[in-house]
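Structure, as structure tokens:
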Amino acid sequence: MTLGRQSICLAKPQYSVLYRHAAPMGSTAKEEMNKFWDKNVRLNRPMSPHITIYKWSVPMMMSIMHRGTGIGLTGAVSAFAMAALVLPGSYPYYLDLIHSLSIGPFLTGLAKFGIAFPLSYHTYNGIRHLCWDFGKGFKIPEVYSTGYTVIGLSVLTSVALMMI
Amino acid sequence: MAALIRLSSVCRRGVKPLFYQSTLLVRPLAVPHKHQEQPYLLTARIHSSQALYASGSNSAASLHWTAERVLSILLLAMGPVAYFSPGPVIDYSLAAALTLHGHWGLGQVVTDYVHGDTKIKLANVGLFLLSTITFTGLCYFNYNDVGICKAVALLWSK
């Protein structure tokens with residue numbers, strides 16, 4: 001018998017165990033994921049190099065920037081809220097305190113840019129994300145053009161806000 | 001391994017008999033040892049939560065996803081409102097929306113990077129505490145101090 005006929009023989013009942021084994025798993029995706037990670041930890045498996053070897057692309061950088069600005073903004077809001085709870089004085093009091101430090105226009109502008117840029121970037125890229133959620137803008141050229149638009153708008157908005 | 005041993009012993013007799021040897025026919029390489037003898041019992045080994053799949057879908061995750069997007073759009077709309085008509089209503093709405101958006105966002109970060117049941121639980125408890133404190137602080141600020149909109153206006157007039 002040729003090798004081809006052999007493979008048909010392999011589909012006999014003795015091999016139905018392969019199909020049985022390929023039956024849909026009864027456990028959830030979450031359970032499977034946890035089992036996988038538990039095994040990784042148990043065997044002390046090293047992480048494959050990923051960000052250290054893969055060539056960075058603009059979409060990649062924009063994606064992690066979106067996450068980074070999100071974490072930063074949430075951190076800032078939380079820090080502000082905690083300060084409001086803990087510090088004794090009122091907001092205008094602390095503002096006057098900062099005023100009195102005579103920081104100078106350059107550093108003040110820098111600080112304003114430092115607040116405005118993460119907010120602008122996260123907002124504009126957030127809109128880009130929402131477009132994706134509606135199914136729009138997935139073609140690679142579109143990903144790049146909308147990406148550059150977001151970056152451009154963010155810089156422009158931040159500079160504009162810095163001047164106010 | 002077994003295949004190599006068989007191959008060497010069979011080279012004299014030719015390859016054809018190789019496929020008729022019972023050990024090779026019954027031993028699919030990828031299947032663990034215990035499934036060799038009782039393939040039919042494998043069905044019984046399938047996890048009992050199979051019934052869960054049959055009964056209906058769990059839409060909690062997809063509802064959460066939708067809620068995240070709805071909140072994002074809501075938060076976007078609050079920006080202009082806060083600028084053009086500041087006041088206590090928008091202050092408290094912003095406090096709620098900002099905190100929840102941040103909470104859900106950090107929740108995704110935890111899901112992506114934290115693994116292991118205990119660590120996940122700990123991270124989520126910590127996150128919940130952080131968000132509670134944040135919301136409390138923002139509401140306190142809105143009530144006892146100038147409020148979010150005024151605070152931004154004052155900060156920028158510097």
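Every chain in the structure tokens takes a letter, A first, then B, and so on in the order presented; its residues are numbered from 1, and the ligands are numbered from 1 following the presented order.
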TODO: Write out as a VMD selection string each polymer residue whose atoms come within 12 Å of stretch 150-152 of chain A, counting only C-alpha atoms; drop sequence neighbours fewer than 5 positions from it.
DONE: chain A and resid 58 to 59 61 to 63 65 to 66 117 to 118 120 to 129 142 to 145 157 to 159
Would you mind exporting C-alpha atoms of the selected residues as a short mmCIF file (atom, residue, chain, number, x, y, z; two decimals), in the first residue's frame?
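Generated output (again.cif):
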data_model
loop_
_atom_site.label_atom_id
_atom_site.label_comp_id
_atom_site.auth_asym_id
_atom_site.auth_seq_id
_atom_site.Cartn_x
_atom_site.Cartn_y
_atom_site.Cartn_z
CA VAL A 58 4.81 53.57 14.90
CA PRO A 59 1.55 51.73 15.71
CA MET A 61 4.76 52.91 19.99
CA MET A 62 1.47 54.73 19.78
CA SER A 63 -0.29 51.84 21.45
CA MET A 65 1.94 55.52 24.58
CA HIS A 66 -1.83 55.32 24.86
CA PHE A 117 0.22 66.59 26.07
CA PRO A 118 -0.73 63.32 27.81
CA SER A 120 -4.47 65.50 24.32
CA TYR A 121 -2.68 62.42 23.07
CA HIS A 122 -4.82 60.05 25.11
CA THR A 123 -8.00 61.84 23.99
CA TYR A 124 -7.19 61.91 20.28
CA ASN A 125 -5.84 58.37 20.24
CA GLY A 126 -8.90 57.37 22.26
CA ILE A 127 -11.09 58.67 19.43
CA ARG A 128 -8.94 56.64 17.01
CA HIS A 129 -9.56 53.57 19.19
CA GLU A 142 -5.19 54.18 7.41
CA VAL A 143 -3.62 53.03 10.67
CA TYR A 144 -0.53 55.05 9.84
CA SER A 145 -2.32 58.14 8.53
CA THR A 157 -3.27 71.21 20.91
CA SER A 158 -0.66 70.96 23.64
CA VAL A 159 1.30 73.91 22.25
#
Open item on the list: Excluding B:Tyr83 and its own-chain neighbours fewer than 2 positions away, which residues fall within 10 Å of it when counting only C-alpha atoms? Please give them as an MDAnalysis selection string.
Closed with: chainID B and resid 78:81 85:87 90 149:150 152:153
Open item on the list: Quick check, in Å to one decimal: how far apart do atom CA of A:Val77 and atom CA of B:Lys119 lie?
Closed with: 24.8 Å
Open item on the list: One number please: atom CA of B:Ala82 to atom CA of B:Ala67, in Å, one decimal.
Closed with: 21.9 Å
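For the set B:Trp104, B:Phe135, B:Phe84, B:Phe128, the residue with the smallest atom-to-atom gap to chain A is B:Phe135, counting only C-alpha atoms.
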TODO: Rank nothing, just name the residue among A:Ala111, A:Ala81, A:Ala76, A:Ile51 nearest to chain B, using only C-alpha atoms.
DONE: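 For chain B, the nearest of the given residues is A:Ala81.
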Open item on the list: Can you tell me which residues surround stretch 105-113 of chain B at a distance of at most 8 Å, considering only C-alpha atoms, apart from same-chain residues fewer than 6 positions away, and format the answer as a PyMOL selection string?
Closed with: (chain A and resi 70-71) or (chain B and resi 120+123-124+127)
Open item on the list: With distances taken over only C-alpha atoms, which residue among A:Ala84, A:Leu43, A:Ile98, A:Cys131 lies nearest chain B?
Closed with: A:Ala84
Open item on the list: What's the separation between atom CA of B:Ile133 and atom CA of A:Tyr91, in Å to one decimal place?
Closed with: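 Going from atom CA of B:Ile133 over to atom CA of A:Tyr91, I get 18.2 Å.
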TODO: Report as a PyMOL selection string: the residues of stretch 69-158 of chain A with a DSSP assignment of helix (DSSP H, G or I), based on the backbone of this structure.
DONE: chain A and resi 69-86+91-100+105-133+140-158
Task: Close residues, B:Tyr143 itself excluded, 12 Å, only C-alpha atoms, min 4 positions apart in chain, as a list of chain:residue names - done: A:Ala84, A:Leu85, A:Ser90, B:Gly87, B:Pro88, B:Val89, B:Asp91, B:Tyr92, B:Ala95, B:Thr136, B:Gly137, B:Leu138, B:Cys139, B:Gly147, B:Ile148
